[in-house]
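Data from entry06.json: JSON, C-alpha atoms and all ligand atoms
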[["chain", "number", "residue", "atom", "x", "y", "z"],
["A", 225, "MET", "CA", 118.68, 106.87, 129.47],
["A", 226, "ALA", "CA", 115.53, 104.98, 130.44],
["A", 227, "LYS", "CA", 113.54, 106.90, 133.00],
["A", 228, "ILE", "CA", 112.17, 103.76, 134.59],
["A", 229, "THR", "CA", 114.21, 101.74, 137.06],
["A", 230, "GLU", "CA", 111.73, 98.97, 137.81],
["A", 231, "LEU", "CA", 109.37, 96.96, 135.66],
["A", 232, "PHE", "CA", 106.79, 94.36, 136.58],
["A", 233, "MET", "CA", 106.85, 91.35, 134.27],
["A", 234, "ALA", "CA", 103.44, 89.72, 134.13],
["A", 235, "THR", "CA", 104.39, 86.05, 133.82],
["A", 236, "HIS", "CA", 104.83, 82.95, 135.92],
["A", 237, "ASN", "CA", 107.39, 81.52, 133.45],
["A", 238, "GLN", "CA", 110.75, 81.55, 135.30],
["A", 239, "SER", "CA", 112.71, 81.05, 132.06],
["A", 240, "LYS", "CA", 111.17, 84.16, 130.47],
["A", 241, "ILE", "CA", 111.86, 86.16, 133.66],
["A", 242, "ALA", "CA", 115.51, 85.00, 133.65],
["A", 243, "GLU", "CA", 116.00, 85.86, 129.95],
["A", 244, "ILE", "CA", 114.46, 89.32, 130.23],
["A", 245, "ALA", "CA", 116.22, 90.14, 133.53],
["A", 246, "GLU", "CA", 119.56, 89.28, 131.89],
["A", 247, "MET", "CA", 118.78, 91.41, 128.83],
["A", 248, "LEU", "CA", 117.86, 94.39, 131.02],
["A", 249, "LYS", "CA", 121.01, 94.27, 133.16],
["A", 250, "PRO", "CA", 122.90, 96.85, 131.07],
["A", 251, "TYR", "CA", 120.01, 99.29, 131.51],
["A", 252, "ALA", "CA", 119.83, 99.04, 135.32],
["A", 253, "ILE", "CA", 116.17, 98.12, 135.24],
["A", 254, "ALA", "CA", 115.12, 95.67, 137.94],
["A", 255, "ILE", "CA", 112.45, 93.13, 137.11],
["A", 256, "LYS", "CA", 109.68, 92.40, 139.58],
["A", 257, "SER", "CA", 107.57, 89.39, 138.82],
["A", 258, "SER", "CA", 104.94, 87.06, 140.20],
["A", 259, "ASN", "CA", 107.73, 85.98, 142.61],
["A", 260, "ASP", "CA", 107.42, 89.43, 144.27],
["A", 261, "ILE", "CA", 103.83, 90.52, 143.62],
["A", 262, "PRO", "CA", 100.87, 88.12, 143.40],
["A", 263, "TYR", "CA", 99.59, 88.07, 139.83],
["A", 264, "PRO", "CA", 96.72, 85.83, 138.66],
["A", 265, "GLU", "CA", 97.24, 83.45, 135.72],
["A", 266, "THR", "CA", 95.63, 85.21, 132.72],
["A", 267, "ASP", "CA", 93.17, 83.27, 130.56],
["A", 268, "GLU", "CA", 94.75, 83.38, 127.10],
["A", 269, "THR", "CA", 91.52, 83.69, 125.14],
["A", 270, "GLY", "CA", 93.01, 85.70, 122.26],
["A", 271, "THR", "CA", 93.80, 84.28, 118.82],
["A", 272, "THR", "CA", 96.89, 86.45, 118.21],
["A", 273, "PHE", "CA", 100.10, 87.06, 120.15],
["A", 274, "GLU", "CA", 99.15, 90.73, 120.33],
["A", 275, "GLU", "CA", 95.76, 90.02, 121.90],
["A", 276, "ASN", "CA", 97.15, 87.63, 124.50],
["A", 277, "ALA", "CA", 100.06, 89.90, 125.42],
["A", 278, "SER", "CA", 97.53, 92.71, 125.93],
["A", 279, "LEU", "CA", 95.29, 90.56, 128.13],
["A", 280, "LYS", "CA", 98.28, 89.60, 130.30],
["A", 281, "VAL", "CA", 99.63, 93.11, 130.63],
["A", 282, "ILE", "CA", 96.24, 94.48, 131.70],
["A", 283, "ASP", "CA", 96.07, 91.89, 134.52],
["A", 284, "GLY", "CA", 99.70, 92.57, 135.43],
["A", 285, "PHE", "CA", 99.20, 96.32, 135.57],
["A", 286, "LYS", "CA", 96.13, 95.90, 137.79],
["A", 287, "ALA", "CA", 98.08, 93.61, 140.13],
["A", 288, "SER", "CA", 101.27, 95.68, 140.34],
["A", 289, "ASN", "CA", 100.18, 99.26, 139.69],
["A", 290, "MET", "CA", 103.61, 99.93, 138.18],
["A", 291, "PRO", "CA", 105.03, 100.03, 134.64],
["A", 292, "THR", "CA", 104.40, 96.50, 133.37],
["A", 293, "ILE", "CA", 105.45, 94.27, 130.50],
["A", 294, "ALA", "CA", 104.02, 90.94, 129.40],
["A", 295, "ASP", "CA", 105.37, 88.57, 126.78],
["A", 296, "ASP", "CA", 103.24, 86.32, 124.63],
["A", 297, "SER", "CA", 105.27, 84.03, 122.47],
["A", 298, "GLY", "CA", 105.32, 80.78, 120.56],
["A", 299, "ILE", "CA", 106.68, 78.92, 117.59],
["A", 300, "CYS", "CA", 105.06, 78.74, 114.13],
["A", 301, "VAL", "CA", 105.98, 75.85, 111.81],
["A", 302, "LYS", "CA", 105.34, 76.82, 108.20],
["A", 303, "THR", "CA", 104.46, 73.37, 106.80],
["A", 304, "LEU", "CA", 102.04, 72.90, 109.72],
["A", 305, "ASN", "CA", 100.10, 76.04, 108.76],
["A", 306, "ASP", "CA", 101.94, 77.99, 111.46],
["A", 307, "GLU", "CA", 100.93, 75.55, 114.20],
["A", 308, "PRO", "CA", 101.27, 75.59, 117.21],
["A", 309, "GLY", "CA", 101.51, 79.42, 117.18],
["A", 310, "VAL", "CA", 99.67, 81.07, 120.05],
["A", 311, "TYR", "CA", 98.84, 77.59, 121.39],
["A", 312, "SER", "CA", 102.53, 76.61, 121.85],
["A", 313, "ALA", "CA", 102.34, 76.40, 125.65],
["A", 314, "ARG", "CA", 99.21, 74.23, 125.49],
["A", 315, "TYR", "CA", 100.23, 72.09, 122.48],
["A", 316, "LYS", "CA", 99.89, 68.45, 123.52],
["A", 317, "GLY", "CA", 103.27, 66.70, 123.38],
["A", 318, "GLY", "CA", 105.18, 69.99, 122.83],
["A", 319, "TYR", "CA", 108.15, 69.69, 120.49],
["A", 320, "ASN", "CA", 107.76, 65.89, 120.23],
["A", 321, "THR", "CA", 104.46, 66.42, 118.44],
["A", 322, "VAL", "CA", 106.14, 68.85, 116.02],
["A", 323, "LEU", "CA", 108.94, 66.33, 115.36],
["A", 324, "ASN", "CA", 106.43, 63.52, 114.81],
["A", 325, "LYS", "CA", 104.31, 65.59, 112.45],
["A", 326, "LEU", "CA", 107.33, 66.61, 110.37],
["A", 327, "GLY", "CA", 108.85, 63.13, 110.43],
["A", 328, "ASN", "CA", 111.81, 62.86, 108.09],
["A", 329, "ILE", "CA", 110.70, 65.71, 105.82],
["A", 330, "ALA", "CA", 113.62, 67.48, 104.09],
["A", 331, "ASN", "CA", 115.32, 70.51, 105.63],
["A", 332, "ALA", "CA", 113.87, 72.75, 102.94],
["A", 333, "ASN", "CA", 110.41, 72.11, 104.42],
["A", 334, "ARG", "CA", 111.35, 72.49, 108.10],
["A", 335, "ASP", "CA", 111.10, 76.30, 108.22],
["A", 336, "ALA", "CA", 109.78, 77.73, 111.47],
["A", 337, "TYR", "CA", 109.85, 80.99, 113.35],
["A", 338, "PHE", "CA", 109.49, 82.09, 116.95],
["A", 339, "VAL", "CA", 107.36, 85.13, 117.67],
["A", 340, "CYS", "CA", 107.44, 87.28, 120.79],
["A", 341, "VAL", "CA", 105.10, 90.18, 121.38],
["A", 342, "ILE", "CA", 105.90, 92.35, 124.37],
["A", 343, "ALA", "CA", 103.04, 94.47, 125.64],
["A", 344, "TYR", "CA", 103.92, 97.44, 127.82],
["A", 345, "THR", "CA", 101.60, 99.57, 129.91],
["A", 346, "ASP", "CA", 102.95, 102.96, 130.82],
["A", 347, "LYS", "CA", 102.05, 104.55, 134.15],
["A", 348, "ASN", "CA", 98.71, 105.71, 132.73],
["A", 349, "GLY", "CA", 97.80, 102.16, 131.69],
["A", 350, "LYS", "CA", 98.13, 102.81, 127.93],
["A", 351, "ILE", "CA", 99.22, 99.67, 126.03],
["A", 352, "HIS", "CA", 102.11, 99.65, 123.54],
["A", 353, "LEU", "CA", 103.06, 96.52, 121.50],
["A", 354, "PHE", "CA", 106.50, 95.39, 120.23],
["A", 355, "ARG", "CA", 106.99, 92.30, 118.03],
["A", 356, "GLY", "CA", 110.15, 90.28, 117.42],
["A", 357, "GLU", "CA", 110.64, 87.19, 115.25],
["A", 358, "SER", "CA", 113.44, 84.66, 114.92],
["A", 359, "HIS", "CA", 113.48, 82.55, 111.75],
["A", 360, "GLY", "CA", 115.12, 79.15, 111.39],
["A", 361, "LYS", "CA", 114.54, 75.43, 111.00],
["A", 362, "ILE", "CA", 113.18, 72.57, 113.08],
["A", 363, "ALA", "CA", 116.00, 70.09, 113.81],
["A", 364, "LYS", "CA", 115.43, 66.40, 113.10],
["A", 365, "THR", "CA", 116.13, 65.43, 116.72],
["A", 366, "PRO", "CA", 116.19, 67.40, 119.99],
["A", 367, "GLN", "CA", 119.64, 68.75, 120.89],
["A", 368, "GLY", "CA", 120.85, 70.49, 124.06],
["A", 369, "GLU", "CA", 119.85, 70.83, 127.69],
["A", 370, "GLY", "CA", 119.58, 74.63, 128.03],
["A", 371, "GLY", "CA", 116.70, 77.01, 127.47],
["A", 372, "PHE", "CA", 113.07, 75.95, 127.66],
["A", 373, "GLY", "CA", 110.06, 74.95, 125.58],
["A", 374, "TYR", "CA", 110.94, 74.37, 121.91],
["A", 375, "ASP", "CA", 114.60, 75.46, 122.26],
["A", 376, "PRO", "CA", 116.00, 71.91, 121.76],
["A", 377, "VAL", "CA", 114.49, 71.65, 118.25],
["A", 378, "PHE", "CA", 115.02, 75.18, 116.86],
["A", 379, "ILE", "CA", 118.12, 76.14, 114.87],
["A", 380, "PRO", "CA", 118.14, 79.85, 113.95],
["A", 381, "ASN", "CA", 119.17, 80.75, 110.40],
["A", 382, "GLY", "CA", 122.92, 81.14, 110.02],
["A", 383, "GLU", "CA", 123.64, 78.87, 113.02],
["A", 384, "THR", "CA", 124.32, 75.16, 113.40],
["A", 385, "LYS", "CA", 123.33, 74.81, 117.08],
["A", 386, "THR", "CA", 119.84, 74.72, 118.57],
["A", 387, "TYR", "CA", 118.88, 77.42, 121.08],
["A", 388, "ALA", "CA", 119.13, 74.75, 123.80],
["A", 389, "ASN", "CA", 122.82, 74.36, 122.96],
["A", 390, "MET", "CA", 123.49, 78.09, 123.38],
["A", 391, "THR", "CA", 124.13, 80.30, 126.37],
["A", 392, "LYS", "CA", 121.50, 82.96, 127.13],
["A", 393, "ALA", "CA", 123.84, 85.56, 125.61],
["A", 394, "GLU", "CA", 124.25, 83.54, 122.39],
["A", 395, "LYS", "CA", 120.51, 82.90, 122.09],
["A", 396, "SER", "CA", 119.76, 86.58, 122.59],
["A", 397, "GLN", "CA", 121.81, 87.53, 119.51],
["A", 398, "THR", "CA", 119.00, 86.25, 117.29],
["A", 399, "SER", "CA", 116.08, 85.70, 119.65],
["A", 400, "HIS", "CA", 112.55, 86.90, 119.09],
["A", 401, "ARG", "CA", 112.39, 88.02, 122.73],
["A", 402, "LYS", "CA", 115.55, 90.13, 122.41],
["A", 403, "LYS", "CA", 114.28, 91.75, 119.20],
["A", 404, "ALA", "CA", 110.96, 92.66, 120.80],
["A", 405, "LEU", "CA", 112.73, 93.93, 123.91],
["A", 406, "ALA", "CA", 115.14, 96.03, 121.83],
["A", 407, "LYS", "CA", 112.13, 97.78, 120.19],
["A", 408, "PHE", "CA", 110.61, 98.31, 123.63],
["A", 409, "MET", "CA", 113.89, 99.75, 124.97],
["A", 410, "ASP", "CA", 114.11, 102.13, 121.99],
["A", 411, "PHE", "CA", 110.60, 103.26, 122.80],
["A", 412, "ILE", "CA", 111.08, 103.90, 126.52],
["A", 413, "THR", "CA", 114.45, 105.55, 126.08],
["A", 414, "SER", "CA", 113.03, 107.97, 123.51],
["A", 415, "GLU", "CA", 109.74, 108.60, 125.38],
["A", 501, "LIG", "P1", 103.01, 81.79, 126.53],
["A", 501, "LIG", "O1", 103.64, 83.01, 125.93],
["A", 501, "LIG", "O2", 103.07, 81.81, 128.02],
["A", 501, "LIG", "O3", 101.65, 81.53, 125.98],
["A", 501, "LIG", "O4", 103.90, 80.53, 126.18],
["A", 501, "LIG", "C1", 104.75, 80.54, 125.14],
["A", 501, "LIG", "C2", 105.23, 79.12, 124.86],
["A", 501, "LIG", "O5", 105.90, 79.16, 123.61],
["A", 501, "LIG", "C3", 106.27, 78.64, 125.88],
["A", 501, "LIG", "O6", 105.68, 77.90, 126.92],
["A", 501, "LIG", "C4", 107.16, 77.78, 125.01],
["A", 501, "LIG", "O7", 106.61, 76.49, 124.85],
["A", 501, "LIG", "C5", 107.12, 78.48, 123.67],
["A", 501, "LIG", "N1", 108.21, 79.49, 123.58],
["A", 501, "LIG", "C6", 108.10, 80.83, 123.57],
["A", 501, "LIG", "N2", 109.32, 81.42, 123.52],
["A", 501, "LIG", "C7", 110.19, 80.41, 123.51],
["A", 501, "LIG", "C8", 111.61, 80.38, 123.49],
["A", 501, "LIG", "O8", 112.33, 81.40, 123.51],
["A", 501, "LIG", "N3", 112.16, 79.16, 123.48],
["A", 501, "LIG", "C9", 111.44, 78.01, 123.48],
["A", 501, "LIG", "N4", 110.12, 77.96, 123.53],
["A", 501, "LIG", "C10", 109.50, 79.17, 123.54]]
Would you put the structure from the file into structure tokens?
Amino acid sequence: MAKITELFMATHNQSKIAEIAEMLKPYAIAIKSSNDIPYPETDETGTTFEENASLKVIDGFKASNMPTIADDSGICVKTLNDEPGVYSARYKGGYNTVLNKLGNIANANRDAYFVCVIAYTDKNGKIHLFRGESHGKIAKTPQGEGGFGYDPVFIPNGETKTYANMTKAEKSQTSHRKKALAKFMDFITSE
């Protein structure tokens, strides 16, 4: 059993908060966020998901003074040299730019993967990192209304639907965020 009952999630992204809160329901861990505790927007000056997640979690821990997690995530498109990667949130045009850059290129060259790194600070402020990846393809056109960000153009391997056409529960069966969170849960339940 996890010994913690409450976690601060250092993000202003309501979609990430909703996904993580849903994933933590079975563990009876309540998520506090910037909706409950003021938390400054962190400058994402790092060049890796790990660095940015660490920067965010340090700010979040200072703001909340409680066990804190932060998620840094993004999508890497292989034929675009892993662009937009850590710059996914700031990538001009978002998924439309990815679709335009890939054009009509064959499915074999549309490989992409989402990355999520969860940083966790324990009560002493020590940082622990957990990485999850979800591999799949970029669709030719956006499909679906659900999810957020690049969900309408990402089809995970073994599926035919984009993440935006899935429920949260369906998405979490393959999602990068769920995989990172599962590693984090293993860690805190065995601590
Ligand atoms: P950041 O972690 O706040 O720097 O932003 C990550 C960005 O990557 C988001 O704003 C989305 O554009 C994209 N992203 C990360 N995870 C997902 C996901 O699960 N679905 C769709 N887009 C995502």
message = List the spatial neighbours of Met390 of chain A as number ranges by chain - criterion: any atom at most 12 Å away, all atoms listed in the file, same-chain residues fewer than 2 positions off excluded.
response = A: 367-372, 375-376, 378-380, 383-388, 392-399
Near-Phe273 of chain A list (7 Å; all atoms listed in the file; drop same-chain fewer than 5 positions) as a compact mmCIF listing (two decimals) with C-alpha atoms, in the coordinates of the input:
# COMPACT_ATOMS: atom_id res chain seq x y z
CA ASP A 296 103.24 86.32 124.63
CA SER A 297 105.27 84.03 122.47
CA VAL A 310 99.67 81.07 120.05
CA VAL A 341 105.10 90.18 121.38
inquiry  = as a ChimeraX atom specification, please: the residues near Met233 of chain A (cut-off 7 Å, only C-alpha atoms, same-chain neighbours under 4 positions excluded).
reply    = /A:255-257,292-294
task = Select, from A:Asp260, A:Asp410, A:Glu246, A:Asp267, the residue with the minimum atom-to-atom distance to Arg314 of chain A, counting all atoms listed in the file.
result = A:Asp267
inquiry  = Taking only C-alpha atoms and all ligand atoms into account, name the residue in A:Ala254, A:Ala332, A:Ala242, A:Leu326 that is nearest to ligand LIG 501 (chain A).
reply    =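 Of A:Ala254, A:Ala332, A:Ala242, A:Leu326, the one nearest ligand LIG 501 (chain A), counting only C-alpha atoms and all ligand atoms, is A:Ala242.
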inquiry  = So that I can see what lies close to Gly284 of chain A, please list as a PyMOL selection string the residues with an atom at most 10 Å from it, counting all atoms listed in the file and leaving out residues fewer than 5 positions away in the same chain.
reply    = chain A and resi 232-235+257-258+261-266+278-279+289-294+344-345
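Each of A:Leu304, A:Pro366, A:Glu357, A:Ala343 was checked against Phe411 of chain A using only C-alpha atoms; the smallest atom-to-atom distance is that of A:Ala343.
Distances here use all atoms listed in the file; by that measure, the residue among A:Ala252, A:Val339, A:Val322, A:Ala287 closest to ligand LIG 501 (chain A) is A:Val339.
Between atom CA of Ile412 of chain A and atom CA of Ser358 of chain A the interatomic distance comes to 22.6 Å.
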message = Measuring between all atoms listed in the file, which one of A:Ile253, A:Ile362, A:Leu353, A:Ile299 shows the shortest distance to Leu323 of chain A?
response =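 With all atoms listed in the file as the atom set, the closest residue is A:Ile362.
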request  = Tell me which of A:Asn237, A:Ser414, A:Thr229, A:Asn276 sits closest to Ile342 of chain A, counting all atoms listed in the file.
outcome  = A:Asn276
task = Determine, counting only C-alpha atoms, which protein, DNA and RNA residues have an atom within 12 Å of an atom of Tyr315 of chain A; residues of the same chain fewer than 6 positions away are not included. Present the result as a ChimeraX atom specification.
result = /A:298-300,307-309,321-322,373-374
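The two atoms in question, atom CA of Tyr319 of chain A and atom O7 of ligand LIG 501 (chain A), are spaced 8.2 Å apart.
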task = Using atom O2 of ligand LIG 501 (chain A) and atom CA of Asp295 of chain A as the two end points, give the distance in Å to one decimal.
result =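 Taking atom O2 of ligand LIG 501 (chain A) as the start and atom CA of Asp295 of chain A as the end point, the length is 7.2 Å.
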